[in-house]
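Heads up, query-v8.pdb below (PDB, N, CA and C atoms, pLDDT in the B column):
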ATOM      1  N   MET A  26      -6.464  15.650 -14.737  1.00 70.00           N
ATOM      2  CA  MET A  26      -5.924  15.821 -13.403  1.00 70.00           C
ATOM      3  C   MET A  26      -4.398  15.914 -13.482  1.00 70.00           C
ATOM      4  N   ASN A  27      -3.839  16.907 -12.827  1.00 71.00           N
ATOM      5  CA  ASN A  27      -2.394  17.117 -12.802  1.00 71.00           C
ATOM      6  C   ASN A  27      -1.785  16.303 -11.667  1.00 71.00           C
ATOM      7  N   LEU A  28      -0.921  15.339 -11.987  1.00 82.00           N
ATOM      8  CA  LEU A  28      -0.305  14.483 -10.975  1.00 82.00           C
ATOM      9  C   LEU A  28       1.153  14.830 -10.722  1.00 82.00           C
ATOM     10  N   GLU A  29       1.590  15.945 -11.252  1.00 92.00           N
ATOM     11  CA  GLU A  29       2.975  16.378 -11.080  1.00 92.00           C
ATOM     12  C   GLU A  29       3.171  16.991  -9.695  1.00 92.00           C
ATOM     13  N   VAL A  30       4.244  16.582  -9.018  1.00 91.00           N
ATOM     14  CA  VAL A  30       4.585  17.168  -7.718  1.00 91.00           C
ATOM     15  C   VAL A  30       5.463  18.383  -7.980  1.00 91.00           C
ATOM     16  N   THR A  31       5.057  19.507  -7.408  1.00 94.00           N
ATOM     17  CA  THR A  31       5.811  20.753  -7.546  1.00 94.00           C
ATOM     18  C   THR A  31       5.995  21.352  -6.150  1.00 94.00           C
ATOM     19  N   GLN A  32       6.780  22.396  -6.080  1.00 95.00           N
ATOM     20  CA  GLN A  32       6.968  23.082  -4.802  1.00 95.00           C
ATOM     21  C   GLN A  32       5.636  23.629  -4.288  1.00 95.00           C
ATOM     22  N   ASN A  33       4.727  23.945  -5.205  1.00 93.00           N
ATOM     23  CA  ASN A  33       3.430  24.510  -4.817  1.00 93.00           C
ATOM     24  C   ASN A  33       2.463  23.498  -4.216  1.00 93.00           C
ATOM     25  N   ASN A  34       2.637  22.202  -4.497  1.00 93.00           N
ATOM     26  CA  ASN A  34       1.727  21.208  -3.920  1.00 93.00           C
ATOM     27  C   ASN A  34       2.428  20.185  -3.028  1.00 93.00           C
ATOM     28  N   LEU A  35       3.709  20.343  -2.845  1.00 94.00           N
ATOM     29  CA  LEU A  35       4.477  19.423  -2.011  1.00 94.00           C
ATOM     30  C   LEU A  35       3.941  19.348  -0.583  1.00 94.00           C
ATOM     31  N   TYR A  36       3.416  20.466  -0.098  1.00 94.00           N
ATOM     32  CA  TYR A  36       2.898  20.520   1.276  1.00 94.00           C
ATOM     33  C   TYR A  36       1.829  19.465   1.537  1.00 94.00           C
ATOM     34  N   LEU A  37       1.206  18.948   0.507  1.00 92.00           N
ATOM     35  CA  LEU A  37       0.182  17.914   0.687  1.00 92.00           C
ATOM     36  C   LEU A  37       0.779  16.586   1.167  1.00 92.00           C
ATOM     37  N   PHE A  38       2.026  16.317   0.818  1.00 88.00           N
ATOM     38  CA  PHE A  38       2.700  15.077   1.199  1.00 88.00           C
ATOM     39  C   PHE A  38       3.339  15.136   2.591  1.00 88.00           C
ATOM     40  N   LEU A  39       3.694  16.324   3.013  1.00 96.00           N
ATOM     41  CA  LEU A  39       4.549  16.457   4.194  1.00 96.00           C
ATOM     42  C   LEU A  39       3.941  16.005   5.517  1.00 96.00           C
ATOM     43  N   PRO A  40       2.706  16.322   5.856  1.00 96.00           N
ATOM     44  CA  PRO A  40       2.204  15.945   7.187  1.00 96.00           C
ATOM     45  C   PRO A  40       2.302  14.449   7.493  1.00 96.00           C
ATOM     46  N   GLY A  41       1.937  13.610   6.559  1.00 96.00           N
ATOM     47  CA  GLY A  41       2.013  12.166   6.788  1.00 96.00           C
ATOM     48  C   GLY A  41       3.438  11.679   6.946  1.00 96.00           C
ATOM     49  N   LYS A  42       4.316  12.177   6.096  1.00 97.00           N
ATOM     50  CA  LYS A  42       5.721  11.771   6.181  1.00 97.00           C
ATOM     51  C   LYS A  42       6.344  12.238   7.494  1.00 97.00           C
ATOM     52  N   ILE A  43       6.068  13.478   7.879  1.00 98.00           N
ATOM     53  CA  ILE A  43       6.615  14.021   9.120  1.00 98.00           C
ATOM     54  C   ILE A  43       6.098  13.247  10.320  1.00 98.00           C
ATOM     55  N   ALA A  44       4.817  12.931  10.331  1.00 98.00           N
ATOM     56  CA  ALA A  44       4.237  12.164  11.450  1.00 98.00           C
ATOM     57  C   ALA A  44       4.889  10.801  11.573  1.00 98.00           C
ATOM     58  N   ASN A  45       5.121  10.137  10.451  1.00 98.00           N
ATOM     59  CA  ASN A  45       5.744   8.805  10.485  1.00 98.00           C
ATOM     60  C   ASN A  45       7.188   8.871  10.974  1.00 98.00           C
ATOM     61  N   VAL A  46       7.935   9.848  10.512  1.00 98.00           N
ATOM     62  CA  VAL A  46       9.330   9.994  10.960  1.00 98.00           C
ATOM     63  C   VAL A  46       9.359  10.371  12.440  1.00 98.00           C
ATOM     64  N   ALA A  47       8.487  11.271  12.852  1.00 98.00           N
ATOM     65  CA  ALA A  47       8.446  11.684  14.261  1.00 98.00           C
ATOM     66  C   ALA A  47       8.125  10.501  15.168  1.00 98.00           C
ATOM     67  N   ALA A  48       7.266   9.605  14.726  1.00 98.00           N
ATOM     68  CA  ALA A  48       6.949   8.419  15.527  1.00 98.00           C
ATOM     69  C   ALA A  48       8.187   7.542  15.713  1.00 98.00           C
ATOM     70  N   ILE A  49       8.979   7.408  14.666  1.00 98.00           N
ATOM     71  CA  ILE A  49      10.217   6.621  14.765  1.00 98.00           C
ATOM     72  C   ILE A  49      11.203   7.320  15.701  1.00 98.00           C
ATOM     73  N   ILE A  50      11.346   8.624  15.549  1.00 98.00           N
ATOM     74  CA  ILE A  50      12.252   9.382  16.422  1.00 98.00           C
ATOM     75  C   ILE A  50      11.811   9.241  17.875  1.00 98.00           C
ATOM     76  N   ALA A  51      10.523   9.407  18.153  1.00 98.00           N
ATOM     77  CA  ALA A  51      10.010   9.310  19.524  1.00 98.00           C
ATOM     78  C   ALA A  51      10.304   7.942  20.119  1.00 98.00           C
ATOM     79  N   ASP A  52      10.119   6.888  19.339  1.00 98.00           N
ATOM     80  CA  ASP A  52      10.383   5.534  19.833  1.00 98.00           C
ATOM     81  C   ASP A  52      11.866   5.302  20.107  1.00 98.00           C
ATOM     82  N   ASN A  53      12.700   5.743  19.183  1.00 97.00           N
ATOM     83  CA  ASN A  53      14.137   5.467  19.305  1.00 97.00           C
ATOM     84  C   ASN A  53      14.874   6.411  20.242  1.00 97.00           C
ATOM     85  N   LYS A  54      14.372   7.605  20.408  1.00 96.00           N
ATOM     86  CA  LYS A  54      15.034   8.587  21.273  1.00 96.00           C
ATOM     87  C   LYS A  54      14.333   8.746  22.618  1.00 96.00           C
ATOM     88  N   ASN A  55      13.286   7.948  22.824  1.00 98.00           N
ATOM     89  CA  ASN A  55      12.545   7.957  24.090  1.00 98.00           C
ATOM     90  C   ASN A  55      12.107   9.372  24.485  1.00 98.00           C
ATOM     91  N   CYS A  56      11.404  10.012  23.557  1.00 98.00           N
ATOM     92  CA  CYS A  56      10.898  11.354  23.814  1.00 98.00           C
ATOM     93  C   CYS A  56       9.441  11.422  23.356  1.00 98.00           C
ATOM     94  N   SER A  57       8.783  12.502  23.660  1.00 98.00           N
ATOM     95  CA  SER A  57       7.389  12.670  23.256  1.00 98.00           C
ATOM     96  C   SER A  57       7.304  12.904  21.750  1.00 98.00           C
ATOM     97  N   ILE A  58       6.136  12.671  21.200  1.00 98.00           N
ATOM     98  CA  ILE A  58       5.935  12.916  19.773  1.00 98.00           C
ATOM     99  C   ILE A  58       6.115  14.400  19.461  1.00 98.00           C
ATOM    100  N   TYR A  59       5.697  15.251  20.377  1.00 98.00           N
ATOM    101  CA  TYR A  59       5.877  16.697  20.206  1.00 98.00           C
ATOM    102  C   TYR A  59       7.367  17.042  20.096  1.00 98.00           C
ATOM    103  N   GLU A  60       8.174  16.496  21.002  1.00 98.00           N
ATOM    104  CA  GLU A  60       9.618  16.746  20.982  1.00 98.00           C
ATOM    105  C   GLU A  60      10.240  16.164  19.716  1.00 98.00           C
ATOM    106  N   ALA A  61       9.780  14.991  19.314  1.00 98.00           N
ATOM    107  CA  ALA A  61      10.305  14.365  18.102  1.00 98.00           C
ATOM    108  C   ALA A  61      10.006  15.228  16.876  1.00 98.00           C
ATOM    109  N   MET A  62       8.806  15.777  16.813  1.00 98.00           N
ATOM    110  CA  MET A  62       8.456  16.643  15.691  1.00 98.00           C
ATOM    111  C   MET A  62       9.292  17.920  15.720  1.00 98.00           C
ATOM    112  N   ARG A  63       9.481  18.477  16.902  1.00 98.00           N
ATOM    113  CA  ARG A  63      10.302  19.682  17.022  1.00 98.00           C
ATOM    114  C   ARG A  63      11.716  19.408  16.521  1.00 98.00           C
ATOM    115  N   ARG A  64      12.282  18.276  16.914  1.00 98.00           N
ATOM    116  CA  ARG A  64      13.627  17.909  16.474  1.00 98.00           C
ATOM    117  C   ARG A  64      13.687  17.729  14.962  1.00 98.00           C
ATOM    118  N   PHE A  65      12.681  17.059  14.410  1.00 98.00           N
ATOM    119  CA  PHE A  65      12.694  16.816  12.967  1.00 98.00           C
ATOM    120  C   PHE A  65      12.537  18.118  12.186  1.00 98.00           C
ATOM    121  N   TYR A  66      11.630  18.985  12.611  1.00 98.00           N
ATOM    122  CA  TYR A  66      11.442  20.260  11.921  1.00 98.00           C
ATOM    123  C   TYR A  66      12.717  21.107  11.944  1.00 98.00           C
ATOM    124  N   ALA A  67      13.549  20.942  12.954  1.00 98.00           N
ATOM    125  CA  ALA A  67      14.785  21.719  13.072  1.00 98.00           C
ATOM    126  C   ALA A  67      15.954  21.089  12.308  1.00 98.00           C
ATOM    127  N   SER A  68      15.720  19.946  11.680  1.00 98.00           N
ATOM    128  CA  SER A  68      16.814  19.207  11.041  1.00 98.00           C
ATOM    129  C   SER A  68      17.032  19.600   9.584  1.00 98.00           C
ATOM    130  N   SER A  69      18.219  19.284   9.099  1.00 97.00           N
ATOM    131  CA  SER A  69      18.512  19.503   7.683  1.00 97.00           C
ATOM    132  C   SER A  69      17.734  18.529   6.809  1.00 97.00           C
ATOM    133  N   THR A  70      17.368  17.376   7.369  1.00 98.00           N
ATOM    134  CA  THR A  70      16.557  16.423   6.606  1.00 98.00           C
ATOM    135  C   THR A  70      15.185  17.014   6.303  1.00 98.00           C
ATOM    136  N   TYR A  71      14.585  17.692   7.275  1.00 98.00           N
ATOM    137  CA  TYR A  71      13.296  18.342   7.006  1.00 98.00           C
ATOM    138  C   TYR A  71      13.454  19.417   5.944  1.00 98.00           C
ATOM    139  N   ALA A  72      14.534  20.186   6.028  1.00 97.00           N
ATOM    140  CA  ALA A  72      14.762  21.233   5.029  1.00 97.00           C
ATOM    141  C   ALA A  72      14.847  20.616   3.632  1.00 97.00           C
ATOM    142  N   SER A  73      15.507  19.484   3.525  1.00 97.00           N
ATOM    143  CA  SER A  73      15.590  18.794   2.233  1.00 97.00           C
ATOM    144  C   SER A  73      14.230  18.256   1.811  1.00 97.00           C
ATOM    145  N   LEU A  74      13.481  17.708   2.761  1.00 97.00           N
ATOM    146  CA  LEU A  74      12.156  17.176   2.471  1.00 97.00           C
ATOM    147  C   LEU A  74      11.224  18.276   1.969  1.00 97.00           C
ATOM    148  N   ALA A  75      11.335  19.452   2.523  1.00 97.00           N
ATOM    149  CA  ALA A  75      10.464  20.564   2.150  1.00 97.00           C
ATOM    150  C   ALA A  75      10.863  21.225   0.830  1.00 97.00           C
ATOM    151  N   ASP A  76      11.989  20.815   0.269  1.00 97.00           N
ATOM    152  CA  ASP A  76      12.462  21.349  -1.011  1.00 97.00           C
ATOM    153  C   ASP A  76      12.208  20.300  -2.092  1.00 97.00           C
ATOM    154  N   GLU A  77      11.259  20.553  -2.957  1.00 96.00           N
ATOM    155  CA  GLU A  77      10.857  19.574  -3.973  1.00 96.00           C
ATOM    156  C   GLU A  77      12.018  19.134  -4.851  1.00 96.00           C
ATOM    157  N   SER A  78      12.957  20.014  -5.114  1.00 96.00           N
ATOM    158  CA  SER A  78      14.043  19.691  -6.037  1.00 96.00           C
ATOM    159  C   SER A  78      14.952  18.571  -5.526  1.00 96.00           C
ATOM    160  N   THR A  79      14.966  18.318  -4.220  1.00 97.00           N
ATOM    161  CA  THR A  79      15.798  17.240  -3.675  1.00 97.00           C
ATOM    162  C   THR A  79      15.172  15.870  -3.890  1.00 97.00           C
ATOM    163  N   LYS A  80      13.879  15.837  -4.140  1.00 96.00           N
ATOM    164  CA  LYS A  80      13.112  14.593  -4.330  1.00 96.00           C
ATOM    165  C   LYS A  80      13.085  13.723  -3.071  1.00 96.00           C
ATOM    166  N   PHE A  81      13.350  14.298  -1.903  1.00 96.00           N
ATOM    167  CA  PHE A  81      13.264  13.551  -0.647  1.00 96.00           C
ATOM    168  C   PHE A  81      11.853  13.045  -0.402  1.00 96.00           C
ATOM    169  N   TRP A  82      10.865  13.674  -1.023  1.00 95.00           N
ATOM    170  CA  TRP A  82       9.491  13.229  -0.818  1.00 95.00           C
ATOM    171  C   TRP A  82       9.265  11.822  -1.353  1.00 95.00           C
ATOM    172  N   HIS A  83      10.189  11.318  -2.157  1.00 95.00           N
ATOM    173  CA  HIS A  83      10.118   9.930  -2.636  1.00 95.00           C
ATOM    174  C   HIS A  83      10.465   8.934  -1.527  1.00 95.00           C
ATOM    175  N   LEU A  84      11.213   9.373  -0.541  1.00 97.00           N
ATOM    176  CA  LEU A  84      11.712   8.481   0.497  1.00 97.00           C
ATOM    177  C   LEU A  84      10.627   8.100   1.496  1.00 97.00           C
ATOM    178  N   GLY A  85      10.759   6.909   2.041  1.00 97.00           N
ATOM    179  CA  GLY A  85       9.863   6.458   3.092  1.00 97.00           C
ATOM    180  C   GLY A  85      10.345   6.937   4.447  1.00 97.00           C
ATOM    181  N   ALA A  86       9.568   6.626   5.471  1.00 97.00           N
ATOM    182  CA  ALA A  86       9.867   7.099   6.822  1.00 97.00           C
ATOM    183  C   ALA A  86      11.210   6.572   7.340  1.00 97.00           C
ATOM    184  N   VAL A  87      11.524   5.321   7.077  1.00 98.00           N
ATOM    185  CA  VAL A  87      12.780   4.746   7.581  1.00 98.00           C
ATOM    186  C   VAL A  87      13.973   5.424   6.918  1.00 98.00           C
ATOM    187  N   ALA A  88      13.913   5.629   5.626  1.00 98.00           N
ATOM    188  CA  ALA A  88      15.014   6.295   4.921  1.00 98.00           C
ATOM    189  C   ALA A  88      15.168   7.735   5.403  1.00 98.00           C
ATOM    190  N   LEU A  89      14.060   8.415   5.634  1.00 98.00           N
ATOM    191  CA  LEU A  89      14.128   9.782   6.156  1.00 98.00           C
ATOM    192  C   LEU A  89      14.720   9.796   7.560  1.00 98.00           C
ATOM    193  N   TYR A  90      14.349   8.815   8.385  1.00 98.00           N
ATOM    194  CA  TYR A  90      14.912   8.715   9.730  1.00 98.00           C
ATOM    195  C   TYR A  90      16.422   8.466   9.662  1.00 98.00           C
ATOM    196  N   GLU A  91      16.843   7.600   8.769  1.00 98.00           N
ATOM    197  CA  GLU A  91      18.275   7.334   8.633  1.00 98.00           C
ATOM    198  C   GLU A  91      19.019   8.593   8.183  1.00 98.00           C
ATOM    199  N   SER A  92      18.417   9.356   7.284  1.00 98.00           N
ATOM    200  CA  SER A  92      19.026  10.624   6.875  1.00 98.00           C
ATOM    201  C   SER A  92      19.086  11.591   8.047  1.00 98.00           C
ATOM    202  N   TYR A  93      18.012  11.639   8.823  1.00 98.00           N
ATOM    203  CA  TYR A  93      17.963  12.494  10.015  1.00 98.00           C
ATOM    204  C   TYR A  93      19.097  12.136  10.971  1.00 98.00           C
ATOM    205  N   CYS A  94      19.292  10.851  11.234  1.00 97.00           N
ATOM    206  CA  CYS A  94      20.352  10.413  12.155  1.00 97.00           C
ATOM    207  C   CYS A  94      21.744  10.693  11.597  1.00 97.00           C
ATOM    208  N   ALA A  95      21.912  10.521  10.305  1.00 97.00           N
ATOM    209  CA  ALA A  95      23.217  10.715   9.683  1.00 97.00           C
ATOM    210  C   ALA A  95      23.614  12.192   9.626  1.00 97.00           C
ATOM    211  N   ASN A  96      22.635  13.075   9.608  1.00 92.00           N
ATOM    212  CA  ASN A  96      22.918  14.509   9.449  1.00 92.00           C
ATOM    213  C   ASN A  96      22.782  15.310  10.725  1.00 92.00           C
ATOM    214  N   LYS A  97      22.741  14.653  11.855  1.00 78.00           N
ATOM    215  CA  LYS A  97      22.613  15.379  13.122  1.00 78.00           C
ATOM    216  C   LYS A  97      23.903  16.044  13.493  1.00 78.00           C
TER     217      LYS A  97
END

Rewrite the structure from the file as structure tokens, please.
Amino acid sequence: MNLEVTQNNLYLFLPGKIANVAAIIADNKNCSIYEAMRRFYASSTYASLADESTKFWHLGAVALYESYCANK
């Protein structure tokens, strides 16, 4: 079994991470989960998360949220 994370299989990690970050954004910004996801997808943090070479996929939801807030 190949356990290496590559750009070709990174998409398997993203939905859970995005959902967790969006939940934090929705709670802290008092918006709907849909709006929170829209905001996160439009962020530079999401762009970094979707690029395997940045290794952002190692980060947890809180660290990703902090990056999202810092890069707005």

Written as a ChimeraX atom specification, what is the full residue list that the PyMOL selection byres (((chain A and resi 73 and name CA) around 12) and name CA) yields on the file shown? /A:32,35,39,65-72,74-84,89,92-93,96

How many Å separate atom N of Ala44 (chain A) from CA of Asn27 (chain A)? 24.6 Å

Write out as a compact mmCIF listing (two decimals) with N, CA and C atoms, in the frame of the given file each polymer residue whose atoms come within 7 Å of Val46 (chain A), counting only N, CA and C atoms; drop sequence neighbours fewer than 5 positions from it.
# COMPACT_ATOMS: atom_id res chain seq x y z
N GLY A 41 1.94 13.61 6.56
CA GLY A 41 2.01 12.17 6.79
C GLY A 41 3.44 11.68 6.95
N ALA A 51 10.52 9.41 18.15
CA ALA A 51 10.01 9.31 19.52
C ALA A 51 10.30 7.94 20.12
N ALA A 61 9.78 14.99 19.31
CA ALA A 61 10.30 14.36 18.10
C ALA A 61 10.01 15.23 16.88
N MET A 62 8.81 15.78 16.81
CA MET A 62 8.46 16.64 15.69
C MET A 62 9.29 17.92 15.72
N ALA A 86 9.57 6.63 5.47
CA ALA A 86 9.87 7.10 6.82
C ALA A 86 11.21 6.57 7.34
N VAL A 87 11.52 5.32 7.08
CA VAL A 87 12.78 4.75 7.58
C VAL A 87 13.97 5.42 6.92
N LEU A 89 14.06 8.41 5.63
CA LEU A 89 14.13 9.78 6.16
C LEU A 89 14.72 9.80 7.56
N TYR A 90 14.35 8.82 8.38
CA TYR A 90 14.91 8.72 9.73
C TYR A 90 16.42 8.47 9.66

note - atom C of Ile58 (chain A) and atom N of Asn45 (chain A) are separated by 10.0 Å

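The two atoms in question, atom N of Ala48 (chain A) and atom C of Glu60 (chain A), are spaced 8.8 Å apart.
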
Give me, as a ChimeraX atom specification, the residues of chain A that a backbone DSSP run labels alpha helix (DSSP H). /A:39-54,58-66,69-74,86-95

Please, could you write that set of residues out with N, CA and C atoms as a compact mmCIF listing (two decimals), in the coordinates of the input?
# COMPACT_ATOMS: atom_id res chain seq x y z
N LEU A 39 3.69 16.32 3.01
CA LEU A 39 4.55 16.46 4.19
C LEU A 39 3.94 16.00 5.52
N PRO A 40 2.71 16.32 5.86
CA PRO A 40 2.20 15.94 7.19
C PRO A 40 2.30 14.45 7.49
N GLY A 41 1.94 13.61 6.56
CA GLY A 41 2.01 12.17 6.79
C GLY A 41 3.44 11.68 6.95
N LYS A 42 4.32 12.18 6.10
CA LYS A 42 5.72 11.77 6.18
C LYS A 42 6.34 12.24 7.49
N ILE A 43 6.07 13.48 7.88
CA ILE A 43 6.62 14.02 9.12
C ILE A 43 6.10 13.25 10.32
N ALA A 44 4.82 12.93 10.33
CA ALA A 44 4.24 12.16 11.45
C ALA A 44 4.89 10.80 11.57
N ASN A 45 5.12 10.14 10.45
CA ASN A 45 5.74 8.80 10.48
C ASN A 45 7.19 8.87 10.97
N VAL A 46 7.94 9.85 10.51
CA VAL A 46 9.33 9.99 10.96
C VAL A 46 9.36 10.37 12.44
N ALA A 47 8.49 11.27 12.85
CA ALA A 47 8.45 11.68 14.26
C ALA A 47 8.12 10.50 15.17
N ALA A 48 7.27 9.60 14.73
CA ALA A 48 6.95 8.42 15.53
C ALA A 48 8.19 7.54 15.71
N ILE A 49 8.98 7.41 14.67
CA ILE A 49 10.22 6.62 14.76
C ILE A 49 11.20 7.32 15.70
N ILE A 50 11.35 8.62 15.55
CA ILE A 50 12.25 9.38 16.42
C ILE A 50 11.81 9.24 17.88
N ALA A 51 10.52 9.41 18.15
CA ALA A 51 10.01 9.31 19.52
C ALA A 51 10.30 7.94 20.12
N ASP A 52 10.12 6.89 19.34
CA ASP A 52 10.38 5.53 19.83
C ASP A 52 11.87 5.30 20.11
N ASN A 53 12.70 5.74 19.18
CA ASN A 53 14.14 5.47 19.30
C ASN A 53 14.87 6.41 20.24
N LYS A 54 14.37 7.60 20.41
CA LYS A 54 15.03 8.59 21.27
C LYS A 54 14.33 8.75 22.62
N ILE A 58 6.14 12.67 21.20
CA ILE A 58 5.94 12.92 19.77
C ILE A 58 6.12 14.40 19.46
N TYR A 59 5.70 15.25 20.38
CA TYR A 59 5.88 16.70 20.21
C TYR A 59 7.37 17.04 20.10
N GLU A 60 8.17 16.50 21.00
CA GLU A 60 9.62 16.75 20.98
C GLU A 60 10.24 16.16 19.72
N ALA A 61 9.78 14.99 19.31
CA ALA A 61 10.30 14.36 18.10
C ALA A 61 10.01 15.23 16.88
N MET A 62 8.81 15.78 16.81
CA MET A 62 8.46 16.64 15.69
C MET A 62 9.29 17.92 15.72
N ARG A 63 9.48 18.48 16.90
CA ARG A 63 10.30 19.68 17.02
C ARG A 63 11.72 19.41 16.52
N ARG A 64 12.28 18.28 16.91
CA ARG A 64 13.63 17.91 16.47
C ARG A 64 13.69 17.73 14.96
N PHE A 65 12.68 17.06 14.41
CA PHE A 65 12.69 16.82 12.97
C PHE A 65 12.54 18.12 12.19
N TYR A 66 11.63 18.98 12.61
CA TYR A 66 11.44 20.26 11.92
C TYR A 66 12.72 21.11 11.94
N SER A 69 18.22 19.28 9.10
CA SER A 69 18.51 19.50 7.68
C SER A 69 17.73 18.53 6.81
N THR A 70 17.37 17.38 7.37
CA THR A 70 16.56 16.42 6.61
C THR A 70 15.18 17.01 6.30
N TYR A 71 14.58 17.69 7.28
CA TYR A 71 13.30 18.34 7.01
C TYR A 71 13.45 19.42 5.94
N ALA A 72 14.53 20.19 6.03
CA ALA A 72 14.76 21.23 5.03
C ALA A 72 14.85 20.62 3.63
N SER A 73 15.51 19.48 3.52
CA SER A 73 15.59 18.79 2.23
C SER A 73 14.23 18.26 1.81
N LEU A 74 13.48 17.71 2.76
CA LEU A 74 12.16 17.18 2.47
C LEU A 74 11.22 18.28 1.97
N ALA A 86 9.57 6.63 5.47
CA ALA A 86 9.87 7.10 6.82
C ALA A 86 11.21 6.57 7.34
N VAL A 87 11.52 5.32 7.08
CA VAL A 87 12.78 4.75 7.58
C VAL A 87 13.97 5.42 6.92
N ALA A 88 13.91 5.63 5.63
CA ALA A 88 15.01 6.30 4.92
C ALA A 88 15.17 7.74 5.40
N LEU A 89 14.06 8.41 5.63
CA LEU A 89 14.13 9.78 6.16
C LEU A 89 14.72 9.80 7.56
N TYR A 90 14.35 8.82 8.38
CA TYR A 90 14.91 8.72 9.73
C TYR A 90 16.42 8.47 9.66
N GLU A 91 16.84 7.60 8.77
CA GLU A 91 18.27 7.33 8.63
C GLU A 91 19.02 8.59 8.18
N SER A 92 18.42 9.36 7.28
CA SER A 92 19.03 10.62 6.88
C SER A 92 19.09 11.59 8.05
N TYR A 93 18.01 11.64 8.82
CA TYR A 93 17.96 12.49 10.02
C TYR A 93 19.10 12.14 10.97
N CYS A 94 19.29 10.85 11.23
CA CYS A 94 20.35 10.41 12.16
C CYS A 94 21.74 10.69 11.60
N ALA A 95 21.91 10.52 10.30
CA ALA A 95 23.22 10.72 9.68
C ALA A 95 23.61 12.19 9.63

Around all the atoms of region 56-69 of chain A listed in the file, draw an axis-aligned box and extend it by 4 Å on each of the six sides; I want its centre and edge lengths in Å to one decimal, as lines of an AutoDock Vina configuration file.
center_x = 12.1
center_y = 15.9
center_z = 15.3
size_x = 20.8
size_y = 19.7
size_z = 25.0
